[in-house]
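Trainee: Following this line is my_file.txt, made up of compact mmCIF, C-alpha atoms:
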# COMPACT_ATOMS: atom_id res chain seq x y z
CA MET A 1229 -25.39 44.63 52.48
CA SER A 1230 -23.31 42.55 50.04
CA LEU A 1231 -25.57 43.52 47.14
CA ILE A 1232 -25.23 47.19 48.09
CA SER A 1233 -21.42 46.86 48.22
CA LEU A 1234 -21.40 45.14 44.85
CA GLY A 1235 -23.58 47.86 43.39
CA ILE A 1236 -21.29 50.59 44.75
CA THR A 1237 -18.21 48.82 43.33
CA VAL A 1238 -19.78 48.42 39.89
CA GLY A 1239 -20.88 52.05 39.98
CA VAL A 1240 -17.38 53.27 40.87
CA VAL A 1241 -15.84 51.19 38.06
CA LEU A 1242 -18.33 52.52 35.51
CA LEU A 1243 -17.83 56.10 36.71
CA ALA A 1244 -14.06 55.72 36.44
CA ALA A 1245 -14.44 54.21 32.96
CA VAL A 1246 -16.27 57.39 31.91
CA LEU A 1247 -14.29 60.04 33.80
CA VAL A 1248 -10.71 58.79 33.37
CA PRO A 1249 -10.75 58.97 29.54
CA ILE A 1250 -12.28 62.45 29.73
CA LEU A 1251 -9.65 63.68 32.19
CA PHE A 1252 -6.56 61.95 30.83
CA GLU A 1253 -7.14 61.11 27.13
CA ASP A 1254 -5.62 64.30 25.67
CA GLN A 1255 -2.55 64.02 27.90
CA ILE A 1256 -2.03 60.35 26.99
CA LYS A 1257 -2.60 61.02 23.28
CA GLY A 1258 0.08 63.69 23.30
CA LEU A 1259 2.59 61.45 25.03
CA PHE A 1260 1.99 58.47 22.74
CA ILE A 1261 2.17 60.59 19.57
CA LYS A 1262 5.41 62.16 20.81
CA GLU A 1263 6.92 58.73 21.39
CA LEU A 1264 5.83 57.46 17.96
CA ASN A 1265 7.37 60.47 16.21
CA LYS A 1266 10.60 60.05 18.17
CA SER A 1267 10.97 56.29 17.76
CA LEU A 1268 9.70 55.50 14.26
CA ALA A 1269 11.97 55.84 11.24
CA THR A 1270 9.10 55.83 8.72
CA GLU A 1271 5.88 57.78 8.39
CA VAL A 1272 2.74 56.74 10.25
CA THR A 1273 -0.63 57.45 8.62
CA LEU A 1274 -2.91 58.16 11.56
CA SER A 1275 -5.46 60.77 12.53
CA GLU A 1276 -5.43 62.08 16.11
CA ASP A 1277 -9.21 61.59 16.11
CA ASP A 1278 -8.57 57.83 15.71
CA ILE A 1279 -6.75 57.55 19.05
CA HIS A 1280 -8.85 56.64 22.07
CA LEU A 1281 -8.32 55.66 25.71
CA SER A 1282 -10.48 52.85 27.10
CA LEU A 1283 -10.70 51.27 30.55
CA LEU A 1284 -13.21 48.62 29.54
CA LYS A 1285 -11.77 47.15 26.33
CA ASN A 1286 -9.18 45.01 28.13
CA PHE A 1287 -10.40 45.40 31.72
CA PRO A 1288 -8.82 45.44 34.27
CA ASP A 1289 -5.99 46.89 32.14
CA ALA A 1290 -6.19 50.22 30.35
CA THR A 1291 -5.84 50.48 26.58
CA VAL A 1292 -4.85 53.12 24.08
CA VAL A 1293 -6.57 52.22 20.81
CA PHE A 1294 -5.24 53.35 17.41
CA ASN A 1295 -7.79 52.97 14.61
CA ASN A 1296 -7.03 52.96 10.88
CA VAL A 1297 -3.25 52.86 11.29
CA GLY A 1298 -0.70 52.61 8.48
CA ILE A 1299 3.10 52.41 8.71
CA ARG A 1300 5.11 53.27 5.60
CA GLU A 1301 7.64 50.77 4.32
CA SER A 1302 11.29 51.75 4.61
CA PHE A 1303 12.19 51.52 0.91
CA THR A 1304 13.43 54.91 -0.27
CA ALA A 1305 10.68 57.21 -1.65
CA SER A 1306 8.02 54.50 -1.29
CA LYS A 1307 4.48 55.62 -0.46
CA LYS A 1308 3.27 52.11 0.30
CA ASN A 1309 2.51 50.81 3.80
CA PHE A 1310 4.07 47.55 4.93
CA LEU A 1311 1.56 47.40 7.81
CA GLU A 1312 -2.04 48.50 8.01
CA ALA A 1313 -4.57 47.71 10.70
CA GLU A 1314 -8.12 48.64 11.51
CA GLU A 1315 -7.12 48.53 15.15
CA ILE A 1316 -3.89 48.41 17.17
CA SER A 1317 -4.23 48.39 20.95
CA LEU A 1318 -1.47 49.19 23.44
CA VAL A 1319 -2.36 47.61 26.78
CA PHE A 1320 -0.91 48.74 30.12
CA ASN A 1321 -1.66 48.74 33.84
CA VAL A 1322 -4.49 51.14 34.69
CA TRP A 1323 -2.48 52.54 37.64
CA ASP A 1324 0.10 53.81 35.12
CA ILE A 1325 -2.38 56.58 34.32
CA PHE A 1326 -2.27 57.91 37.85
CA LYS A 1327 1.48 57.39 38.27
CA GLY A 1328 2.17 59.07 34.93
CA ASN A 1329 4.57 56.26 34.03
CA TYR A 1330 3.45 54.04 31.13
CA ASP A 1331 4.94 50.60 30.58
CA ILE A 1332 3.59 48.83 27.45
CA GLU A 1333 3.80 45.05 27.81
CA HIS A 1334 0.94 43.91 25.56
CA ILE A 1335 -0.03 44.83 21.97
CA LYS A 1336 -3.07 43.67 19.99
CA VAL A 1337 -3.43 43.93 16.20
CA LYS A 1338 -6.83 43.37 14.59
CA ASN A 1339 -8.09 43.33 10.98
CA GLY A 1340 -5.13 44.28 8.86
CA PHE A 1341 -2.25 43.16 6.69
CA CYS A 1342 1.51 42.98 7.03
CA GLN A 1343 3.83 42.56 4.04
CA LEU A 1344 7.52 42.03 4.76
CA ILE A 1345 9.81 42.27 1.74
CA THR A 1346 13.50 41.62 1.17
CA ASP A 1347 14.68 42.81 -2.24
CA LYS A 1348 17.37 41.21 -4.42
CA LYS A 1349 20.09 43.29 -2.73
CA GLY A 1350 19.00 42.22 0.76
CA ASN A 1351 17.28 45.51 1.66
CA ILE A 1352 14.14 45.21 3.79
CA ASN A 1353 10.95 47.27 3.72
CA TYR A 1354 10.15 46.92 7.44
CA LYS A 1355 13.00 48.83 9.11
CA PHE A 1356 10.53 51.17 10.77
CA TRP A 1357 12.13 51.54 14.23
CA LYS A 1358 15.06 53.93 14.62
CA ASP A 1359 18.38 52.34 15.51
CA SER A 1360 18.95 55.03 18.12
CA SER A 1361 16.48 57.69 19.16
CA GLY A 1362 18.10 58.91 22.34
CA GLU A 1363 16.69 58.25 25.75
CA SER A 1364 12.99 57.48 25.91
CA ALA A 1365 10.82 59.68 28.05
CA SER A 1366 11.06 58.63 31.68
CA ASP A 1367 7.29 58.21 31.74
CA PHE A 1368 7.05 55.89 28.71
CA SER A 1369 8.62 52.50 27.95
CA ILE A 1370 7.90 49.45 25.81
CA ASN A 1371 8.77 46.10 27.38
CA LEU A 1372 6.75 43.70 25.25
CA GLU A 1373 5.74 40.35 26.72
CA GLN A 1374 2.67 39.57 24.61
CA VAL A 1375 1.48 40.25 21.04
CA ASP A 1376 -1.95 39.10 19.82
CA CYS A 1377 -3.05 39.12 16.17
CA GLU A 1378 -6.57 38.63 14.85
CA ASN A 1379 -7.58 38.47 11.18
CA VAL A 1380 -4.26 39.67 9.79
CA ASP A 1381 -3.11 38.92 6.22
CA PHE A 1382 0.60 38.18 6.37
CA GLN A 1383 3.14 37.86 3.57
CA TYR A 1384 6.90 37.40 3.70
CA LEU A 1385 8.40 37.93 0.25
CA ASP A 1386 12.15 37.40 -0.21
CA TYR A 1387 13.31 38.20 -3.74
CA LYS A 1388 16.93 37.52 -2.81
CA TYR A 1389 16.34 33.90 -1.80
CA GLN A 1390 13.08 33.30 -3.74
CA GLN A 1391 10.88 32.64 -0.73
CA ASN A 1392 7.21 33.52 -0.46
CA VAL A 1393 5.12 32.80 2.62
CA GLU A 1394 1.46 33.83 2.53
CA MET A 1395 -1.00 33.20 5.33
CA LEU A 1396 -4.08 34.56 7.01
CA ILE A 1397 -3.68 34.75 10.78
CA HIS A 1398 -7.11 33.99 12.21
CA ASP A 1399 -6.03 34.38 15.82
CA CYS A 1400 -2.55 33.97 17.20
CA GLY A 1401 -0.77 34.88 20.42
CA PHE A 1402 2.97 35.42 20.90
CA THR A 1403 4.44 35.61 24.40
CA GLY A 1404 8.02 36.15 25.52
CA ASN A 1405 10.45 38.68 26.87
CA PHE A 1406 10.77 40.48 23.53
CA SER A 1407 13.07 43.16 24.96
CA SER A 1408 15.78 40.57 25.68
CA ASP A 1409 18.51 39.37 23.31
CA ASN A 1410 17.77 35.76 24.31
CA TYR A 1411 14.27 34.57 25.18
CA LEU A 1412 11.72 31.79 24.70
CA MET A 1413 8.80 32.83 22.53
CA GLU A 1414 5.59 30.83 22.91
CA LEU A 1415 3.33 30.81 19.86
CA ASP A 1416 -0.23 29.49 19.84
CA GLY A 1417 -2.90 30.13 17.23
CA ASN A 1418 -4.87 29.29 14.09
CA VAL A 1419 -3.80 30.27 10.57
CA LEU A 1420 -4.70 29.61 6.96
CA SER A 1421 -1.58 28.73 4.99
CA LYS A 1422 -2.25 30.16 1.53
CA ARG A 1423 1.07 28.85 0.27
CA ILE A 1424 4.70 28.47 1.24
CA LYS A 1425 6.80 28.77 -1.90
CA ILE A 1426 10.49 27.91 -1.94
CA GLY A 1427 12.16 28.51 -5.28
CA GLY A 1428 9.58 27.37 -7.82
CA THR A 1429 7.90 24.80 -5.56
CA ALA A 1430 4.78 25.49 -3.49
CA TYR A 1431 3.83 23.66 -0.28
CA LEU A 1432 0.80 23.74 2.04
CA VAL A 1433 -1.53 25.43 -0.44
CA ASN A 1434 -4.79 26.63 1.18
CA LYS A 1435 -4.46 24.55 4.35
CA GLU A 1436 -5.92 25.42 7.76
CA ALA A 1437 -3.44 24.88 10.58
CA HIS A 1438 -3.12 25.17 14.35
CA ILE A 1439 0.37 26.07 15.57
CA ASN A 1440 1.63 25.53 19.10
CA THR A 1441 5.34 25.80 19.67
CA GLY A 1442 8.12 27.33 21.67
CA ILE A 1443 10.95 29.06 19.84
CA LYS A 1444 14.23 29.93 21.52
CA VAL A 1445 15.27 33.26 20.01
CA ASN A 1446 18.90 34.34 19.94
CA VAL A 1447 18.85 37.88 18.54
CA PRO A 1448 22.64 38.52 18.20
CA ASP A 1449 23.15 35.23 16.31
CA ASP A 1450 19.82 35.48 14.45
CA ASN A 1451 19.06 31.90 15.48
CA TYR A 1452 15.62 30.36 16.11
CA ALA A 1453 15.35 26.91 17.72
CA PHE A 1454 12.03 25.07 17.92
CA GLU A 1455 11.07 23.60 21.27
CA ALA A 1456 8.20 21.08 21.51
CA GLY A 1457 6.81 22.37 18.22
CA LYS A 1458 3.45 21.10 17.00
CA ILE A 1459 1.52 21.95 13.83
CA THR A 1460 -1.89 20.34 13.29
CA ILE A 1461 -3.25 20.29 9.73
CA ASP A 1462 -6.46 18.46 8.78
CA LYS A 1463 -6.37 16.63 12.16
CA ASN A 1464 -2.79 15.49 11.53
CA THR A 1465 -0.19 16.59 14.07
CA PHE A 1466 3.40 17.16 12.98
CA LEU A 1467 6.22 17.48 15.51
CA ILE A 1468 8.98 20.00 14.74
CA ASP A 1469 12.50 20.05 16.12
CA GLY A 1470 15.68 21.82 15.10
CA ASN A 1471 16.69 25.38 14.28
CA ILE A 1472 16.88 28.06 11.62
CA ASN A 1473 19.83 30.46 11.45
CA LEU A 1474 19.37 33.61 9.37
CA LYS A 1475 22.78 35.17 9.93
CA ASP A 1476 24.77 35.55 6.71
CA GLU A 1477 23.47 32.64 4.60
CA ASP A 1478 20.14 31.22 5.79
CA TYR A 1479 20.69 27.74 7.24
CA TYR A 1480 18.00 25.17 8.06
CA ASP A 1481 18.41 22.09 10.24
CA LEU A 1482 14.89 20.82 10.89
CA ALA A 1483 13.22 17.49 11.61
CA ILE A 1484 9.46 17.08 11.09
CA ASN A 1485 7.95 13.78 12.23
CA GLY A 1486 4.50 12.21 12.24
CA ASP A 1487 3.21 9.20 14.15
CA LYS A 1488 0.09 7.42 12.86
CA ILE A 1489 -1.10 10.31 10.76
CA SER A 1490 -3.56 9.78 7.91
CA MET A 1491 -2.52 8.98 4.36
CA GLU A 1492 -3.78 12.44 3.37
CA GLY A 1493 -1.38 13.88 5.93
CA LEU A 1494 1.60 12.71 3.89
CA MET A 1495 0.34 14.63 0.87
CA LEU A 1496 0.46 17.84 2.92
CA LEU A 1497 4.26 17.74 2.93
CA LEU A 1498 4.70 16.99 -0.76
CA PRO A 1499 5.12 19.81 -3.29
CA GLY A 1500 1.86 21.34 -4.47
CA SER A 1501 2.31 20.02 -8.03
CA ILE A 1502 2.49 16.34 -7.11
CA ALA A 1503 0.07 16.69 -4.20
CA ASN A 1504 -2.44 18.16 -6.65
CA ASN A 1505 -1.94 15.22 -9.06
CA LEU A 1506 -2.56 12.76 -6.24
CA SER A 1507 -5.52 14.67 -4.79
CA LYS A 1508 -7.91 12.76 -7.08
CA TYR A 1509 -7.18 9.60 -5.08
CA LYS A 1510 -9.01 8.90 -1.80
CA SER A 1511 -7.02 7.01 0.79
CA ARG A 1512 -7.44 5.53 4.24
CA GLY A 1513 -4.95 4.30 6.78
CA LYS A 1514 -2.17 5.50 9.06
CA ILE A 1515 1.39 6.34 8.28
CA ASP A 1516 4.63 6.93 10.17
CA PHE A 1517 7.07 9.32 8.56
CA ALA A 1518 10.20 11.36 9.17
CA THR A 1519 11.25 14.52 7.34
CA THR A 1520 14.57 16.34 7.36
CA ILE A 1521 15.32 19.77 5.93
CA LYS A 1522 18.99 20.58 6.09
CA GLY A 1523 21.32 23.02 4.36
CA ASN A 1524 21.77 26.60 3.22
CA TYR A 1525 19.10 28.57 1.48
CA THR A 1526 20.40 31.36 -0.76
CA SER A 1527 19.73 32.65 -4.27
CA THR A 1528 21.74 29.69 -5.60
CA LYS A 1529 21.27 27.07 -2.88
CA THR A 1530 18.26 25.10 -1.60
CA PRO A 1531 18.38 22.78 1.44
CA GLN A 1532 18.14 19.03 1.11
CA ILE A 1533 14.57 17.84 1.77
CA THR A 1534 13.94 14.16 2.49
CA ILE A 1535 10.78 12.34 3.60
CA THR A 1536 10.72 8.63 4.48
CA PHE A 1537 7.49 6.84 5.31
CA ASP A 1538 5.96 3.46 6.22
CA VAL A 1539 2.34 2.49 5.62
CA ASN A 1540 0.33 -0.43 7.05
CA GLY A 1541 -3.30 -1.51 6.60
CA ALA A 1542 -4.23 1.28 4.20
CA SER A 1543 -6.56 1.54 1.20
CA ILE A 1544 -6.80 3.76 -1.89
CA GLU A 1545 -9.40 4.40 -4.57
CA HIS A 1546 -10.02 6.95 -7.30
CA GLU A 1547 -12.40 9.69 -6.20
CA LYS A 1548 -14.27 9.77 -9.54
CA PHE A 1549 -13.78 6.37 -11.17
CA GLY A 1550 -13.83 4.06 -8.14
CA GLY A 1551 -11.75 0.90 -8.00
CA LYS A 1552 -9.98 0.05 -4.76
CA LEU A 1553 -6.84 -1.49 -3.34
CA SER A 1554 -7.01 -2.56 0.32
CA ASN A 1555 -4.67 -3.92 3.01
CA MET A 1556 -1.78 -1.95 1.54
CA GLN A 1557 1.69 -2.18 3.05
CA PHE A 1558 4.71 -0.35 1.70
CA SER A 1559 7.59 1.97 2.44
CA GLY A 1560 8.70 4.98 0.46
CA LYS A 1561 10.84 8.05 0.13
CA TYR A 1562 10.61 11.56 -1.31
CA SER A 1563 13.65 13.75 -1.92
CA ASN A 1564 14.44 16.90 -3.85
CA GLY A 1565 17.56 15.10 -5.05
CA GLU A 1566 21.21 15.99 -5.50
CA LYS A 1567 20.50 19.43 -6.98
CA HIS A 1568 17.73 20.18 -4.48
CA ASN A 1569 15.24 21.31 -7.13
CA ALA A 1570 12.14 20.09 -8.99
CA ALA A 1571 14.15 18.54 -11.83
CA SER A 1572 16.16 16.33 -9.46
CA SER A 1573 13.22 15.51 -7.18
CA TYR A 1574 11.85 11.99 -6.97
CA ILE A 1575 9.46 9.77 -5.06
CA SER A 1576 9.86 5.99 -4.75
CA ILE A 1577 7.63 3.26 -3.34
CA LEU A 1578 9.10 -0.10 -2.33
CA ASN A 1579 7.82 -3.46 -1.05
CA PHE A 1580 4.25 -2.62 -2.00
CA LYS A 1581 1.71 -5.34 -1.24
CA ALA A 1582 -2.07 -5.04 -1.37
CA GLU A 1583 -5.31 -6.80 -2.31
CA GLN A 1584 -7.85 -6.17 -5.05
CA ASN A 1585 -11.03 -8.20 -4.47
CA ASN A 1586 -8.99 -10.48 -2.14
CA LEU A 1587 -6.39 -11.12 -4.86
CA PRO A 1588 -2.74 -10.12 -4.20
CA VAL A 1589 -1.03 -7.32 -6.09
CA THR A 1590 2.49 -5.95 -5.85
CA LEU A 1591 4.28 -2.95 -7.33
CA SER A 1592 7.28 -0.67 -7.12
CA LEU A 1593 7.40 2.93 -8.33
CA ASN A 1594 10.07 5.47 -9.18
CA TYR A 1595 8.71 8.89 -10.15
CA LYS A 1596 11.51 11.27 -11.14
CA ASN A 1597 11.95 14.84 -12.35
CA PHE A 1598 8.95 16.86 -11.21
CA SER A 1599 9.62 19.44 -13.93
CA ASN A 1600 9.32 16.87 -16.73
CA PRO A 1601 8.21 13.68 -14.98
CA ASN A 1602 9.40 10.20 -15.80
CA ILE A 1603 7.86 7.06 -14.36
CA ASP A 1604 9.26 3.57 -13.81
CA LEU A 1605 6.44 1.34 -12.58
CA LEU A 1606 6.58 -2.42 -11.95
CA LEU A 1607 3.21 -4.15 -11.60
CA ASP A 1608 2.07 -7.69 -10.85
CA GLY A 1609 -1.57 -8.74 -10.26
CA SER A 1610 -5.03 -7.47 -11.17
CA PHE A 1611 -5.23 -3.72 -10.65
CA PRO A 1612 -8.23 -1.39 -10.86
CA ALA A 1613 -7.83 0.44 -14.18
CA SER A 1614 -9.00 3.62 -12.45
CA LEU A 1615 -5.82 3.72 -10.37
CA ILE A 1616 -3.37 3.21 -13.24
CA ILE A 1617 -4.68 4.85 -16.40
CA PRO A 1618 -5.13 8.38 -14.90
CA LEU A 1619 -1.42 8.38 -14.00
CA ALA A 1620 -0.57 8.15 -17.69
CA MET A 1621 -3.63 9.91 -19.09
CA SER A 1622 -4.48 12.86 -16.85
CA ASN A 1623 -7.36 13.82 -19.17
CA ALA A 1624 -9.08 10.41 -18.90
CA SER A 1625 -12.84 10.93 -18.56
CA ASP A 1626 -14.19 7.41 -17.91
CA VAL A 1627 -12.22 4.44 -16.59
CA GLU A 1628 -13.69 1.08 -15.53
CA GLY A 1629 -12.68 -2.54 -14.98
CA THR A 1630 -9.41 -4.16 -14.00
CA ILE A 1631 -6.07 -4.67 -15.69
CA GLY A 1632 -4.39 -8.05 -15.29
CA LEU A 1633 -0.64 -7.59 -15.30
CA ASN A 1634 2.12 -10.14 -14.99
CA ASP A 1635 5.48 -8.57 -14.09
CA ILE A 1636 4.82 -5.54 -16.27
CA ASN A 1637 7.17 -2.57 -16.40
CA ILE A 1638 5.71 0.76 -17.56
CA LYS A 1639 8.50 3.18 -18.21
CA GLY A 1640 8.82 6.55 -19.91
CA ASN A 1641 8.09 10.25 -19.88
CA ILE A 1642 4.72 10.78 -18.24
CA LYS A 1643 3.73 13.53 -20.68
CA THR A 1644 3.95 11.12 -23.60
CA LEU A 1645 2.52 8.01 -21.90
CA SER A 1646 -0.97 8.97 -23.03
CA GLN A 1647 0.26 8.41 -26.61
CA SER A 1648 2.67 5.55 -26.10
CA ALA A 1649 4.38 3.54 -23.38
CA GLN A 1650 7.43 1.37 -23.33
CA TYR A 1651 6.89 -2.12 -21.89
CA GLU A 1652 9.78 -4.25 -20.79
Taking this structure as input, can you express it in the form of structure tokens?
Mentor:
Amino acid sequence: MSLISLGITVGVVLLAAVLVPILFEDQIKGLFIKELNKSLATEVTLSEDDIHLSLLKNFPDATVVFNNVGIRESFTASKKNFLEAEEISLVFNVWDIFKGNYDIEHIKVKNGFCQLITDKKGNINYKFWKDSSGESASDFSINLEQVDCENVDFQYLDYKYQQNVEMLIHDCGFTGNFSSDNYLMELDGNVLSKRIKIGGTAYLVNKEAHINTGIKVNVPDDNYAFEAGKITIDKNTFLIDGNINLKDEDYYDLAINGDKISMEGLMLLLPGSIANNLSKYKSRGKIDFATTIKGNYTSTKTPQITITFDVNGASIEHEKFGGKLSNMQFSGKYSNGEKHNAASSYISILNFKAEQNNLPVTLSLNYKNFSNPNIDLLLDGSFPASLIIPLAMSNASDVEGTIGLNDINIKGNIKTLSQSAQYE
């Protein structure tokens, strides 16, 4: 009897999945198109033949699926789309069909791109929703609580403040009471960070990341506060705290901390230029660090960025030439300096102690001006040549042996060190 009941239930569900779209699809299409035309301030490129009703796609909920959708950007006379998607799904309770009252709480976006632009005058290209469109139809409402994205190319390009964020959203879910002025948004998903460029400096170039965080959103004040934020990159987990305020002048007050992350994890937070220079070195060991980002970000201002770190029991060797330092201990600091730009940026390493073939070595390093680098390096002990020479001669092709140094100071412009160096 139970098998017969199960069979009848499955049969009824399948019959409903076939009949309901046939009976109600045209009516639902008309209502949804009417709402889009009434609510959107920009043109939508969409064929009525690409709208479908499905009861199985997100069972037990019903879904209206829009295929091959494009939404025009809001710049005057532009014919470009700021959003395109192979598929956008509006998910709602199946009983809404029979009640004739549709409440959209869940949206899914799949296989597309989204490009958000702010021009030099502060105008945006994504003002697609009308400020006021009158009362919505009594049988249609949008009260979003969940947005899911899959395989979406995303770019935020701000010409006014020289910001460029590019990423591929593999799969990411956003939940929250999006209709409220104040709500907690939960974000969980996997992305590829293509690059995050601030001014002329790029960070997190081509890095896979998992993001899991809460963000308290205050819409009237345009304020976003991180709550228990975690970003995992290359198996290194970074904890994020603080807030971003985008009202008037953008203001950042963030703390990013790491506990026992890998040496490679530190390189993830350094600018792409110096991280790329150091990428030829293989390292092992764990590191504790603390990062602060604080200050206004405008066309003329960049926030202060500071990273402090402590390393114990680590090792480093050149990926191509070999040579190794082990049992390293040191502390250090990176900052973008007083002017908060590449020219005032520096990195310093203090109290460095290590071993090379069981012999002690010490050093201190000041690396200044990332636009036109200068180095001040104090060395004592026998160092692998492969770790020192490539710093001064980036085009070195073959480096072997060790260099015995006794309280040596190498100082000068790094671009000219391949030709000459000043020893003091």
Trainee: Name all residues at most 8 Å from Lys1508 in chain A (count only C-alpha atoms; drop same-chain ones fewer than 5 positions away) and give them as a ChimeraX atom specification.
Mentor: /A:1546-1548
Trainee: Go ahead and save the residues from that selection, with C-alpha atoms, as a PDB file, in the frame of the given file.
Mentor:
ATOM      1  CA  HIS A1546     -10.020   6.950  -7.300  1.00  0.00           C
ATOM      2  CA  GLU A1547     -12.400   9.690  -6.200  1.00  0.00           C
ATOM      3  CA  LYS A1548     -14.270   9.770  -9.540  1.00  0.00           C
TER       4      LYS A1548
END
Trainee: I'd like to know which of A:Asn1329, A:Gln1584, A:Asn1485, A:Asn1602 is closest to Gly1632 in chain A, using all atoms listed in the file.
Mentor: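 Among A:Asn1329, A:Gln1584, A:Asn1485, A:Asn1602, it is A:Gln1584 that comes nearest to Gly1632 in chain A.
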Trainee: Hey, which of A:Ile1577, A:Val1337, A:Ala1613, A:Met1413 ends up closest to Asp1538 in chain A? Count only C-alpha atoms.
Mentor: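 Checking each candidate against Asp1538 in chain A, we get A:Ile1577 as the closest.
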Trainee: Just the residues within 7 Å of Ile1370 in chain A, please, counting all atoms listed in the file, with nothing from its chain fewer than 2 positions along; format it as a PyMOL selection string.
Mentor: chain A and resi 1331-1333+1372
Trainee: Please, what distance in Å, to one decimal, runs between CA of Gly1493 in chain A and CA of Ala1518 in chain A?
Mentor: 12.3 Å
Trainee: Separation of CA of Gly1640 in chain A and CA of Asp1608 in chain A, in Å?
Mentor: 18.2 Å
Trainee: Restricting the calculation to all atoms listed in the file, which member of A:His1398, A:Lys1510, A:Lys1463, A:Lys1639 is positioned closest to Ile1489 in chain A?
Mentor: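 Of all the options, A:Lys1463 lies closest to Ile1489 in chain A.
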Trainee: What separation in Å, quoted to one decimal, exists between CA of Asn1440 in chain A and CA of Ile1397 in chain A?
Mentor: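 Going from CA of Asn1440 in chain A over to CA of Ile1397 in chain A, I get 13.5 Å.
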Trainee: Kindly indicate which residue among A:Glu1315, A:Glu1394, A:Asp1324, A:Asp1450 lies nearest to Asp1409 in chain A, using all atoms listed in the file for the distances.
Mentor: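 Closest to Asp1409 in chain A, using all atoms listed in the file: A:Asp1450.
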Trainee: Tyr1595 in chain A: which residues within 7 Å, counting only C-alpha atoms, same-chain residues fewer than 5 positions away excluded, as a PDB file with C-alpha atoms, in the frame of the given file?
Mentor:
ATOM      1  CA  TYR A1574      11.850  11.990  -6.970  1.00  0.00           C
ATOM      2  CA  ILE A1575       9.460   9.770  -5.060  1.00  0.00           C
ATOM      3  CA  SER A1576       9.860   5.990  -4.750  1.00  0.00           C
ATOM      4  CA  PRO A1601       8.210  13.680 -14.980  1.00  0.00           C
ATOM      5  CA  ASN A1602       9.400  10.200 -15.800  1.00  0.00           C
ATOM      6  CA  ILE A1603       7.860   7.060 -14.360  1.00  0.00           C
ATOM      7  CA  ASP A1604       9.260   3.570 -13.810  1.00  0.00           C
TER       8      ASP A1604
END
Trainee: How would you write as JSON, numbers by chain the residues that get within 7 Å of (-4.9, 3.9, 2.9) in the file's frame, counting all atoms listed in the file?
Mentor: {"A": [1491, 1511, 1512, 1513, 1514, 1541, 1542, 1543, 1544, 1556]}
Trainee: With distances taken over only C-alpha atoms, which residue among A:Leu1606, A:Ser1573, A:Ile1616, A:Asn1597 lies nearest Gly1550 in chain A?
Mentor: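 Result for the nearest residue to Gly1550 in chain A: A:Ile1616.
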Trainee: For His1280 in chain A, which residue out of A:Ile1461, A:Leu1318, A:Val1445, A:Val1293 is the nearest one, using all atoms listed in the file?
Mentor: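 The closest residue to His1280 in chain A is A:Val1293.
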Trainee: Kindly output range 1519-1530 of chain A as a PDB file, keeping the file's coordinate frame, after building N, CA and C atoms.
Mentor:
ATOM      1  N   THR A1519      10.807  13.540   8.327  1.00  0.00           N
ATOM      2  CA  THR A1519      11.250  14.520   7.340  1.00  0.00           C
ATOM      3  C   THR A1519      12.460  15.267   7.864  1.00  0.00           C
ATOM      4  N   THR A1520      13.426  15.486   7.002  1.00  0.00           N
ATOM      5  CA  THR A1520      14.570  16.340   7.360  1.00  0.00           C
ATOM      6  C   THR A1520      14.713  17.439   6.312  1.00  0.00           C
ATOM      7  N   ILE A1521      15.020  18.633   6.796  1.00  0.00           N
ATOM      8  CA  ILE A1521      15.320  19.770   5.930  1.00  0.00           C
ATOM      9  C   ILE A1521      16.643  20.331   6.423  1.00  0.00           C
ATOM     10  N   LYS A1522      17.674  20.221   5.598  1.00  0.00           N
ATOM     11  CA  LYS A1522      18.990  20.580   6.090  1.00  0.00           C
ATOM     12  C   LYS A1522      19.827  21.215   4.987  1.00  0.00           C
ATOM     13  N   GLY A1523      20.419  22.375   5.301  1.00  0.00           N
ATOM     14  CA  GLY A1523      21.320  23.020   4.360  1.00  0.00           C
ATOM     15  C   GLY A1523      21.061  24.501   4.228  1.00  0.00           C
ATOM     16  N   ASN A1524      21.892  25.157   3.446  1.00  0.00           N
ATOM     17  CA  ASN A1524      21.770  26.600   3.220  1.00  0.00           C
ATOM     18  C   ASN A1524      20.665  26.911   2.237  1.00  0.00           C
ATOM     19  N   TYR A1525      20.064  28.079   2.455  1.00  0.00           N
ATOM     20  CA  TYR A1525      19.100  28.570   1.480  1.00  0.00           C
ATOM     21  C   TYR A1525      19.544  29.965   1.063  1.00  0.00           C
ATOM     22  N   THR A1526      19.974  30.088  -0.189  1.00  0.00           N
ATOM     23  CA  THR A1526      20.400  31.360  -0.760  1.00  0.00           C
ATOM     24  C   THR A1526      19.802  31.477  -2.158  1.00  0.00           C
ATOM     25  N   SER A1527      20.231  32.489  -2.901  1.00  0.00           N
ATOM     26  CA  SER A1527      19.730  32.650  -4.270  1.00  0.00           C
ATOM     27  C   SER A1527      20.179  31.504  -5.162  1.00  0.00           C
ATOM     28  N   THR A1528      21.224  30.792  -4.780  1.00  0.00           N
ATOM     29  CA  THR A1528      21.740  29.690  -5.600  1.00  0.00           C
ATOM     30  C   THR A1528      21.693  28.340  -4.890  1.00  0.00           C
ATOM     31  N   LYS A1529      21.268  28.320  -3.643  1.00  0.00           N
ATOM     32  CA  LYS A1529      21.270  27.070  -2.880  1.00  0.00           C
ATOM     33  C   LYS A1529      19.891  26.812  -2.265  1.00  0.00           C
ATOM     34  N   THR A1530      19.502  25.539  -2.243  1.00  0.00           N
ATOM     35  CA  THR A1530      18.260  25.100  -1.600  1.00  0.00           C
ATOM     36  C   THR A1530      18.611  23.950  -0.661  1.00  0.00           C
TER      37      THR A1530
END
